[in-house]
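**Student:** Take this structure first; my questions come after.
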Amino acid sequence: MESVIVLGAKGRFGRAAVAGFRAAGWRVTELARAWPEEATGRVTADVADTAAVVQACMGHDVIVNAVHPPYPKWAEMVPKITSTVIAAAKASGATVLIPGNVYNYGTGMPERLSETSPWVSDTKKGAIRIRMENTFRDSGVRTIVLRGGDFIEGVETGNWFETYIAAKADKGKLTYPGKCDRVHAWAYLPDMGRAAAALAGKRAEFSNFEEFGFGGYALTGDALVTLTEAALGRPMKVSGFPWFAIKIMALWSPLMREVLEMRYLWSTPHQLDGSKLRAALPDFVETPVEEAFAQILSKHTDVNVSEAVLA
């Protein structure tokens, strides 16, 4: 049985990877994120403690690097995490799998993003991601990047859809952060976790550094509203996101400044070309978008049912 260790196993992509690899029959070890003030999960190690992480990764065939520090700590922590994971991969001989994002393509990115689209480092976080991926490319460690859009999963963990857009869906209200006629890339995490496991299983067929776009769902705001209304069986009132409040908060909040930097993703149309992934995984079938939205919004349906019973 092949073995994988998931670093950041309690995070968004980490949870999906754990589920995807287990469903595919892998032996899975979970290593939770551990900052000086936080240590949760079955196995913990400070990501800056290279020796501890290397030891935890020994004996595994694949390392999933799903550690995601808070935005304001990216400049400090991402290089440390990268060097630690590379050291662990070299010591263990494991392949590294990383969830990628669209930050690499910059504010002027083309609408359709593929593995050949140029990387443009005109935002701080985009530059950090590009340096990180290039470091893996140059390290000699076999690396797979699975690049997706905004995560969507049905759990409120700070994700755009669950925490902000659909937070009041049970009351018939949506808050959309951009123009409703612009296409935005979404990655349904349960599917992305399955795709990660499937790619890892075929790692010997790929070059030393390989990236795959995860097509996911390319949705305009209008399409997202229609899908939400269909899933909940009721019309939605749509309001804009209070970006003015974010601008004010950014005066003193480092996190809000980082969020504000990425606002362009809601005005610049973009979607991921998943043709390379489909060619590599011809039997992989994504969840139909209507079915995914029904699952994602099921808690809002449950709330409505409960209220009806109590009434």
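Identifiers in this document derive from the order of the structure tokens: chains are assigned A, B, ..., residues are numbered from 1 separately in each chain, and ligands are numbered from 1 in order of occurrence.
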Could you list, as a PyMOL selection string, every residue within 8 Å of A:Asp122, counting only C-alpha atoms and ignoring same-chain residues fewer than 3 positions away?
**Tutor:** chain A and resi 106-107+126-127
**Student:** Would you list the contacts of A:Asp150 as a ChimeraX atom specification, taking every protein, DNA or RNA residue within 9 Å and counting only C-alpha atoms, but skipping same-chain residues closer than 2 positions in sequence?
**Tutor:** /A:101-102,148,152,159-161,184-188
**Student:** With N, CA and C atoms retained, write the just-selected residues as an mmCIF file, in the first residue's frame.
**Tutor:**
```cif
data_model
loop_
_atom_site.group_PDB
_atom_site.id
_atom_site.type_symbol
_atom_site.label_atom_id
_atom_site.label_comp_id
_atom_site.auth_asym_id
_atom_site.auth_seq_id
_atom_site.Cartn_x
_atom_site.Cartn_y
_atom_site.Cartn_z
ATOM 1 N N ASN A 101 -2.596 28.083 -7.016
ATOM 2 C CA ASN A 101 -3.704 29.024 -7.219
ATOM 3 C C ASN A 101 -3.427 29.879 -8.450
ATOM 4 N N VAL A 102 -4.277 30.875 -8.675
ATOM 5 C CA VAL A 102 -4.152 31.688 -9.894
ATOM 6 C C VAL A 102 -3.351 32.969 -9.657
ATOM 7 N N GLY A 148 -5.908 25.309 -8.788
ATOM 8 C CA GLY A 148 -7.345 25.521 -8.824
ATOM 9 C C GLY A 148 -7.733 26.953 -8.522
ATOM 10 N N ILE A 152 -14.300 25.872 -2.784
ATOM 11 C CA ILE A 152 -15.714 25.851 -2.402
ATOM 12 C C ILE A 152 -15.994 24.451 -1.883
ATOM 13 N N ASN A 159 -13.451 30.741 3.551
ATOM 14 C CA ASN A 159 -13.616 30.714 2.098
ATOM 15 C C ASN A 159 -14.600 31.787 1.661
ATOM 16 N N TRP A 160 -14.434 32.263 0.435
ATOM 17 C CA TRP A 160 -15.303 33.329 -0.046
ATOM 18 C C TRP A 160 -16.768 32.906 -0.091
ATOM 19 N N PHE A 161 -17.045 31.736 -0.670
ATOM 20 C CA PHE A 161 -18.451 31.384 -0.873
ATOM 21 C C PHE A 161 -19.170 31.128 0.440
ATOM 22 N N HIS A 184 -15.567 33.624 -12.912
ATOM 23 C CA HIS A 184 -14.655 33.413 -11.780
ATOM 24 C C HIS A 184 -14.417 31.913 -11.624
ATOM 25 N N ALA A 185 -13.178 31.533 -11.310
ATOM 26 C CA ALA A 185 -12.809 30.117 -11.184
ATOM 27 C C ALA A 185 -13.069 29.604 -9.778
ATOM 28 N N TRP A 186 -13.750 28.451 -9.708
ATOM 29 C CA TRP A 186 -14.031 27.793 -8.426
ATOM 30 C C TRP A 186 -13.525 26.352 -8.471
ATOM 31 N N ALA A 187 -13.008 25.878 -7.356
ATOM 32 C CA ALA A 187 -12.529 24.493 -7.245
ATOM 33 C C ALA A 187 -13.302 23.802 -6.127
ATOM 34 N N TYR A 188 -14.098 22.805 -6.491
ATOM 35 C CA TYR A 188 -14.853 22.034 -5.507
ATOM 36 C C TYR A 188 -13.876 21.091 -4.803
#
```
